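Here is the structure we will look at, set down as C-alpha cells.
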Amino acid sequence: MRVSTGLICSIGFAAIHASAAAGKEKSDAHIRKIAYDYARCVIKAEHRRAAEAIIANADNQTIEKKYPDLIIGECLKKVSGPGALQFGGDQYRYALANALVAAEFKEKGESDFANRLPLAHLRIPDKVALESTLAKTKSKRRRKEIQNEFDNDATIAALSKYGECIVRNDPERSRLWLLTSPDGPEETSRINDLRPSFSQCLVGGTAKFSRSTMRGVVAINYFRLAHATAQPTSERTH
C-alpha cells in the first residue's frame, strides 16, 4: 500500500515478528510514535470509515481495496516529514483501532463485556489445504512463500482470539493501556497491570510478542466489543 505525497508511505504486510531485536528498538519506537500520530490524524478526517473498517475486522488487503480513503497523504506529511516509512505487519490496523478507542472512550469505557457474543475472527487457514498446495508446488522459493503466508495468517488469527480474551477479562485496564503514549513510562505500568490476564488467556505453552503487537490486538478487540450489540440478560421471574 503506497501513498504519494511528495514522499512515499509504504504500509507493509509482512509477517508479525515474535520480538524486536535490541538494535531495532529505537527504530521501532520511532515508527510506533509516527503510526500513533498518523492514525489520530486520519480518524479526525475519516472517523466513521475507520470505525467501519475496524468493526468489520477488515484485513490489510480489504483496507487497501475498500478503504483507500483511510490513507491520507496530508496526515503523513504532518507526522513524518520527508522520507519513506514502512509499517510492518498489521501495525496500521492496530494504530487505527487504538486511535478510535482513545477518541471515543477517553473519559469512560465499558467495564464488562459479558453480555457481548463472541466476536468473529479471521479464519485460521486449513493445514490440509496447505499441504496439498505445497505438494503441487515445484519451486522451493514459492513453497517457502506459501508456508510463510500460512504461518502469518495462522498467527494473526490466533492473536485475534487472544486479544478478545484479554479485553473480556479486564476491560478497564485494557482501555487505560490504550490511552497511554507508546513507549512512555505509563505504558509499562499499564502492561504490568495486565500481565495476569496475559497469562490467564494464554492456552498451552508460552509466547512472546512485541508490546506494539499486543497493544494492537487489545485495541482492535476492545473497539469491536464496545460496538458489539449487547445481548439481553436473562432474568428469573418468581
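Here, A, B, ... name the chains of the C-alpha cells in the order displayed, residue numbers run from 1 inside each chain, and ligands are numbered from 1 in the same displayed order.
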- Query: Skipping near chain neighbours, those fewer than 2 positions away, what residues fall within 10 Å of A:Leu96 using only C-alpha atoms, listed as an MDAnalysis selection string?
  - Reply: chainID A and resid 35:43 47 50:51 53:54 70 91:94 98:102 216 219:220
Include N, CA and C atoms and write out the residues we just selected as an mmCIF file, in the first residue's frame.
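Output contents, as saved in out_9.cif:
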```cif
data_model
loop_
_atom_site.group_PDB
_atom_site.id
_atom_site.type_symbol
_atom_site.label_atom_id
_atom_site.label_comp_id
_atom_site.auth_asym_id
_atom_site.auth_seq_id
_atom_site.Cartn_x
_atom_site.Cartn_y
_atom_site.Cartn_z
ATOM 1 N N ALA A 35 3.111 6.064 13.666
ATOM 2 C CA ALA A 35 1.859 5.361 13.375
ATOM 3 C C ALA A 35 0.740 5.860 14.282
ATOM 4 N N TYR A 36 1.066 6.072 15.547
ATOM 5 C CA TYR A 36 0.101 6.555 16.540
ATOM 6 C C TYR A 36 -0.414 7.946 16.156
ATOM 7 N N ASP A 37 0.504 8.843 15.823
ATOM 8 C CA ASP A 37 0.117 10.211 15.457
ATOM 9 C C ASP A 37 -0.608 10.254 14.114
ATOM 10 N N TYR A 38 -0.150 9.445 13.177
ATOM 11 C CA TYR A 38 -0.775 9.386 11.855
ATOM 12 C C TYR A 38 -2.226 8.918 11.963
ATOM 13 N N ALA A 39 -2.448 7.860 12.739
ATOM 14 C CA ALA A 39 -3.803 7.319 12.876
ATOM 15 C C ALA A 39 -4.732 8.319 13.546
ATOM 16 N N ARG A 40 -4.241 9.061 14.511
ATOM 17 C CA ARG A 40 -5.074 10.084 15.157
ATOM 18 C C ARG A 40 -5.499 11.149 14.155
ATOM 19 N N CYS A 41 -4.597 11.508 13.266
ATOM 20 C CA CYS A 41 -4.925 12.479 12.221
ATOM 21 C C CYS A 41 -5.965 11.904 11.262
ATOM 22 N N VAL A 42 -5.803 10.638 10.884
ATOM 23 C CA VAL A 42 -6.724 10.005 9.939
ATOM 24 C C VAL A 42 -8.138 9.949 10.498
ATOM 25 N N ILE A 43 -8.287 9.570 11.753
ATOM 26 C CA ILE A 43 -9.655 9.423 12.266
ATOM 27 C C ILE A 43 -10.338 10.770 12.479
ATOM 28 N N HIS A 47 -13.372 9.418 10.679
ATOM 29 C CA HIS A 47 -13.686 8.603 11.866
ATOM 30 C C HIS A 47 -14.676 7.482 11.535
ATOM 31 N N ALA A 50 -13.098 4.718 9.413
ATOM 32 C CA ALA A 50 -12.123 3.942 10.182
ATOM 33 C C ALA A 50 -12.837 2.999 11.143
ATOM 34 N N ALA A 51 -13.873 3.502 11.798
ATOM 35 C CA ALA A 51 -14.651 2.663 12.711
ATOM 36 C C ALA A 51 -15.296 1.500 11.965
ATOM 37 N N ALA A 53 -14.228 0.007 9.278
ATOM 38 C CA ALA A 53 -13.206 -0.975 8.907
ATOM 39 C C ALA A 53 -12.800 -1.835 10.095
ATOM 40 N N ILE A 54 -12.624 -1.220 11.253
ATOM 41 C CA ILE A 54 -12.188 -1.970 12.436
ATOM 42 C C ILE A 54 -13.303 -2.859 12.970
ATOM 43 N N LEU A 70 -8.723 5.896 3.857
ATOM 44 C CA LEU A 70 -8.046 5.875 5.147
ATOM 45 C C LEU A 70 -6.539 6.061 5.015
ATOM 46 N N GLN A 91 0.409 -3.242 11.733
ATOM 47 C CA GLN A 91 0.613 -2.057 12.562
ATOM 48 C C GLN A 91 -0.341 -0.905 12.234
ATOM 49 N N TYR A 92 -0.706 -0.761 10.985
ATOM 50 C CA TYR A 92 -1.618 0.333 10.649
ATOM 51 C C TYR A 92 -3.023 0.061 11.182
ATOM 52 N N ARG A 93 -3.505 -1.171 11.038
ATOM 53 C CA ARG A 93 -4.809 -1.525 11.612
ATOM 54 C C ARG A 93 -4.795 -1.303 13.124
ATOM 55 N N TYR A 94 -3.710 -1.706 13.758
ATOM 56 C CA TYR A 94 -3.584 -1.540 15.197
ATOM 57 C C TYR A 94 -3.657 -0.063 15.584
ATOM 58 N N ASN A 98 -6.441 1.799 17.954
ATOM 59 C CA ASN A 98 -6.023 2.497 19.156
ATOM 60 C C ASN A 98 -6.513 3.950 19.137
ATOM 61 N N ALA A 99 -6.378 4.603 17.994
ATOM 62 C CA ALA A 99 -6.817 5.996 17.883
ATOM 63 C C ALA A 99 -8.328 6.109 18.089
ATOM 64 N N LEU A 100 -9.075 5.157 17.605
ATOM 65 C CA LEU A 100 -10.526 5.161 17.768
ATOM 66 C C LEU A 100 -10.919 4.991 19.231
ATOM 67 N N VAL A 101 -10.253 4.066 19.915
ATOM 68 C CA VAL A 101 -10.544 3.865 21.337
ATOM 69 C C VAL A 101 -10.233 5.136 22.123
ATOM 70 N N ALA A 102 -9.071 5.738 21.846
ATOM 71 C CA ALA A 102 -8.673 6.950 22.557
ATOM 72 C C ALA A 102 -9.641 8.098 22.303
ATOM 73 N N GLY A 216 -1.917 -3.664 19.877
ATOM 74 C CA GLY A 216 -2.777 -3.625 18.708
ATOM 75 C C GLY A 216 -3.940 -4.593 18.786
ATOM 76 N N ALA A 219 -6.398 -3.306 21.231
ATOM 77 C CA ALA A 219 -7.145 -2.166 20.691
ATOM 78 C C ALA A 219 -8.270 -2.608 19.764
ATOM 79 N N ILE A 220 -7.956 -3.489 18.826
ATOM 80 C CA ILE A 220 -8.967 -3.958 17.875
ATOM 81 C C ILE A 220 -10.115 -4.647 18.604
#
```
Stretch 83-141 of chain A near stretch 167-174 of chain A within 10 Å: what's each residue's closest atom pair and its distance in Å to one decimal, counting only C-alpha atoms, ordered by chain then ascending residue number, as a Markdown table?
```
| residue | atom | partner | partner_atom | distance |
| --- | --- | --- | --- | --- |
| A:Lys108 | CA | A:Glu172 | CA | 9.0 |
| A:Gly109 | CA | A:Glu172 | CA | 7.0 |
| A:Glu110 | CA | A:Pro171 | CA | 6.7 |
| A:Ser111 | CA | A:Pro171 | CA | 5.6 |
| A:Asp112 | CA | A:Pro171 | CA | 6.4 |
| A:Phe113 | CA | A:Arg168 | CA | 5.7 |
| A:Ala114 | CA | A:Arg168 | CA | 7.1 |
| A:Arg116 | CA | A:Arg168 | CA | 9.3 |
| A:Pro118 | CA | A:Arg168 | CA | 9.9 |
```
Neighbour list for stretch 189-202 of chain A as a short mmCIF file (atom, residue, chain, number, x, y, z; two decimals) with C-alpha atoms, in the first residue's frame, cut-off 12 Å, only C-alpha atoms, skip fewer than 5 positions in-chain:
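Now in part_37.cif:
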```
data_model
loop_
_atom_site.label_atom_id
_atom_site.label_comp_id
_atom_site.auth_asym_id
_atom_site.auth_seq_id
_atom_site.Cartn_x
_atom_site.Cartn_y
_atom_site.Cartn_z
CA ALA A 158 -4.71 -16.87 16.99
CA LEU A 159 -3.63 -13.44 18.23
CA SER A 160 -7.04 -12.01 17.44
CA LYS A 161 -8.76 -14.52 19.72
CA TYR A 162 -6.12 -13.99 22.38
CA GLY A 163 -6.77 -10.27 22.33
CA GLU A 164 -10.51 -10.80 22.79
CA CYS A 165 -9.83 -12.91 25.87
CA ILE A 166 -7.60 -10.24 27.41
CA VAL A 167 -10.14 -7.47 26.83
CA ARG A 168 -13.05 -9.52 28.17
CA ASN A 169 -11.00 -10.48 31.19
CA ASP A 170 -10.04 -6.89 32.09
CA PRO A 171 -11.83 -4.21 30.02
CA GLU A 172 -10.88 -1.25 32.19
CA ARG A 173 -7.15 -1.93 32.37
CA SER A 174 -7.17 -2.68 28.65
CA ARG A 175 -8.71 0.72 27.95
CA LEU A 176 -6.30 2.53 30.24
CA TRP A 177 -3.36 0.94 28.43
CA LEU A 178 -4.68 2.25 25.11
CA LEU A 179 -4.80 5.79 26.47
CA THR A 180 -1.05 5.90 27.22
CA SER A 181 1.60 7.25 24.86
CA PRO A 182 3.55 4.49 23.07
CA ASP A 183 6.78 3.59 24.91
CA GLY A 184 6.13 6.11 27.67
CA ALA A 207 4.61 -16.87 23.54
CA LYS A 208 6.48 -13.60 23.21
CA PHE A 209 5.27 -10.69 21.10
CA SER A 210 6.26 -7.07 20.95
CA ARG A 211 4.26 -4.60 23.01
CA SER A 212 3.19 -2.99 19.74
CA MET A 214 -0.07 -6.91 21.96
CA ARG A 215 -1.39 -3.36 22.22
CA VAL A 217 -4.77 -6.81 19.26
CA VAL A 218 -6.13 -5.37 22.50
#
```
- Find the distance between atom CA of A:Thr155 and atom CA of A:Asn221 and write it in Å to one decimal.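 Between these atoms lies a distance of 15.6 Å.
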- For atom CA of A:Leu119 and atom CA of A:Leu225, the interatomic separation in Å (one decimal):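 Rounded to one decimal, the two atoms are 7.4 Å apart.
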- Query: Which value, in Å to one decimal, gives the distance between atom CA of A:Phe150 and atom CA of A:Thr133?
  - Reply: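 Atom CA of A:Thr133 lies at a distance of 11.0 Å from atom CA of A:Phe150.
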- Task: Would you list, as a ChimeraX atom specification, the residues of stretch 5-237 of chain A that end up in strand (DSSP E or B) under DSSP run on this structure's backbone?
- Result: /A:8-10,84-86,116,230
- Task: Per DSSP on the backbone, filter stretch 23-227 of chain A down to the residues in alpha helix (DSSP H) and report them as an MDAnalysis selection string.
- Result: chainID A and resid 25:55 60:66 73:80 91:104 127:136 140:169 171:178 185:201 211:226
Would you export the selected residues with C-alpha atoms as a short mmCIF file (atom, residue, chain, number, x, y, z; two decimals), in the first residue's frame, please?
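The resulting file, part_32.cif, is shown below:
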```cif
data_model
loop_
_atom_site.label_atom_id
_atom_site.label_comp_id
_atom_site.auth_asym_id
_atom_site.auth_seq_id
_atom_site.Cartn_x
_atom_site.Cartn_y
_atom_site.Cartn_z
CA GLU A 25 14.25 -0.86 19.48
CA LYS A 26 14.89 2.81 18.77
CA SER A 27 13.66 2.50 15.20
CA ASP A 28 10.57 0.54 16.26
CA ALA A 29 9.72 3.14 18.91
CA HIS A 30 10.01 5.88 16.28
CA ILE A 31 7.69 4.03 13.90
CA ARG A 32 5.19 3.35 16.69
CA LYS A 33 5.05 7.04 17.52
CA ILE A 34 4.54 8.04 13.89
CA ALA A 35 1.86 5.36 13.38
CA TYR A 36 0.10 6.55 16.54
CA ASP A 37 0.12 10.21 15.46
CA TYR A 38 -0.77 9.39 11.86
CA ALA A 39 -3.80 7.32 12.88
CA ARG A 40 -5.07 10.08 15.16
CA CYS A 41 -4.93 12.48 12.22
CA VAL A 42 -6.72 10.00 9.94
CA ILE A 43 -9.66 9.42 12.27
CA LYS A 44 -10.19 13.15 12.66
CA ALA A 45 -10.91 13.22 8.95
CA GLU A 46 -12.47 9.78 8.46
CA HIS A 47 -13.69 8.60 11.87
CA ARG A 48 -16.79 6.83 10.57
CA ARG A 49 -14.92 4.97 7.84
CA ALA A 50 -12.12 3.94 10.18
CA ALA A 51 -14.65 2.66 12.71
CA GLU A 52 -16.44 0.74 9.96
CA ALA A 53 -13.21 -0.97 8.91
CA ILE A 54 -12.19 -1.97 12.44
CA ILE A 55 -15.66 -3.16 13.49
CA ASN A 60 -4.95 -5.31 5.26
CA GLN A 61 -5.91 -6.29 1.73
CA THR A 62 -9.53 -5.28 2.33
CA ILE A 63 -8.45 -1.90 3.69
CA GLU A 64 -6.36 -1.38 0.56
CA LYS A 65 -9.27 -2.17 -1.75
CA LYS A 66 -12.33 -0.87 0.09
CA GLY A 73 -1.23 11.93 2.45
CA GLU A 74 -1.63 15.20 4.32
CA CYS A 75 -1.69 13.38 7.63
CA LEU A 76 1.52 11.60 6.73
CA LYS A 77 3.23 14.88 5.92
CA LYS A 78 2.28 16.27 9.32
CA VAL A 79 3.75 13.45 11.35
CA SER A 80 6.70 12.02 9.43
CA GLN A 91 0.61 -2.06 12.56
CA TYR A 92 -1.62 0.33 10.65
CA ARG A 93 -4.81 -1.52 11.61
CA TYR A 94 -3.58 -1.54 15.20
CA ALA A 95 -2.89 2.19 15.15
CA LEU A 96 -6.34 2.97 13.72
CA ALA A 97 -8.07 0.89 16.39
CA ASN A 98 -6.02 2.50 19.16
CA ALA A 99 -6.82 6.00 17.88
CA LEU A 100 -10.53 5.16 17.77
CA VAL A 101 -10.54 3.86 21.34
CA ALA A 102 -8.67 6.95 22.56
CA ALA A 103 -11.14 9.23 20.76
CA GLU A 104 -14.36 7.52 21.87
CA LYS A 127 -3.46 -27.09 7.18
CA VAL A 128 -4.64 -29.90 4.91
CA ALA A 129 -5.12 -27.42 2.06
CA LEU A 130 -1.66 -26.03 2.78
CA GLU A 131 -0.03 -29.44 2.50
CA SER A 132 -1.87 -30.11 -0.75
CA THR A 133 -0.72 -26.80 -2.22
CA LEU A 134 2.87 -27.37 -1.13
CA ALA A 135 2.87 -30.84 -2.70
CA LYS A 136 1.83 -29.33 -6.06
CA LYS A 140 11.41 -24.12 -3.45
CA ARG A 141 11.18 -20.35 -3.17
CA ARG A 142 7.43 -20.35 -3.78
CA ARG A 143 6.90 -23.18 -1.26
CA LYS A 144 8.68 -21.08 1.34
CA GLU A 145 6.48 -18.08 0.50
CA ILE A 146 3.32 -20.19 0.80
CA GLN A 147 4.45 -21.57 4.15
CA ASN A 148 5.28 -18.09 5.44
CA GLU A 149 1.87 -16.79 4.33
CA PHE A 150 0.19 -19.68 6.14
CA ASP A 151 2.19 -19.13 9.32
CA ASN A 152 1.43 -15.41 9.22
CA ASP A 153 -2.32 -15.92 8.74
CA ALA A 154 -2.43 -18.55 11.49
CA THR A 155 -0.59 -16.25 13.90
CA ILE A 156 -2.88 -13.31 13.19
CA ALA A 157 -6.00 -15.44 13.69
CA ALA A 158 -4.71 -16.87 16.99
CA LEU A 159 -3.63 -13.44 18.23
CA SER A 160 -7.04 -12.01 17.44
CA LYS A 161 -8.76 -14.52 19.72
CA TYR A 162 -6.12 -13.99 22.38
CA GLY A 163 -6.77 -10.27 22.33
CA GLU A 164 -10.51 -10.80 22.79
CA CYS A 165 -9.83 -12.91 25.87
CA ILE A 166 -7.60 -10.24 27.41
CA VAL A 167 -10.14 -7.47 26.83
CA ARG A 168 -13.05 -9.52 28.17
CA ASN A 169 -11.00 -10.48 31.19
CA PRO A 171 -11.83 -4.21 30.02
CA GLU A 172 -10.88 -1.25 32.19
CA ARG A 173 -7.15 -1.93 32.37
CA SER A 174 -7.17 -2.68 28.65
CA ARG A 175 -8.71 0.72 27.95
CA LEU A 176 -6.30 2.53 30.24
CA TRP A 177 -3.36 0.94 28.43
CA LEU A 178 -4.68 2.25 25.11
CA PRO A 185 6.70 5.19 31.33
CA GLU A 186 2.97 4.90 31.97
CA GLU A 187 2.61 2.31 29.23
CA THR A 188 4.98 -0.05 31.03
CA SER A 189 2.94 0.33 34.21
CA ARG A 190 -0.30 -0.45 32.37
CA ILE A 191 1.26 -3.52 30.73
CA ASN A 192 2.31 -4.82 34.14
CA ASP A 193 -1.27 -4.36 35.35
CA LEU A 194 -2.46 -6.65 32.56
CA ARG A 195 0.10 -9.43 32.99
CA PRO A 196 -2.32 -11.67 34.94
CA SER A 197 -4.74 -11.52 32.00
CA PHE A 198 -1.93 -12.20 29.52
CA SER A 199 -1.10 -15.39 31.40
CA GLN A 200 -4.68 -16.46 32.03
CA CYS A 201 -5.64 -16.15 28.35
CA ARG A 211 4.26 -4.60 23.01
CA SER A 212 3.19 -2.99 19.74
CA THR A 213 1.55 -6.23 18.60
CA MET A 214 -0.07 -6.91 21.96
CA ARG A 215 -1.39 -3.36 22.22
CA GLY A 216 -2.78 -3.62 18.71
CA VAL A 217 -4.77 -6.81 19.26
CA VAL A 218 -6.13 -5.37 22.50
CA ALA A 219 -7.15 -2.17 20.69
CA ILE A 220 -8.97 -3.96 17.88
CA ASN A 221 -10.83 -6.26 20.23
CA TYR A 222 -11.75 -3.52 22.70
CA PHE A 223 -13.22 -1.35 19.96
CA ARG A 224 -15.11 -4.24 18.35
CA LEU A 225 -16.54 -5.45 21.67
CA ALA A 226 -17.51 -1.93 22.70
#
```
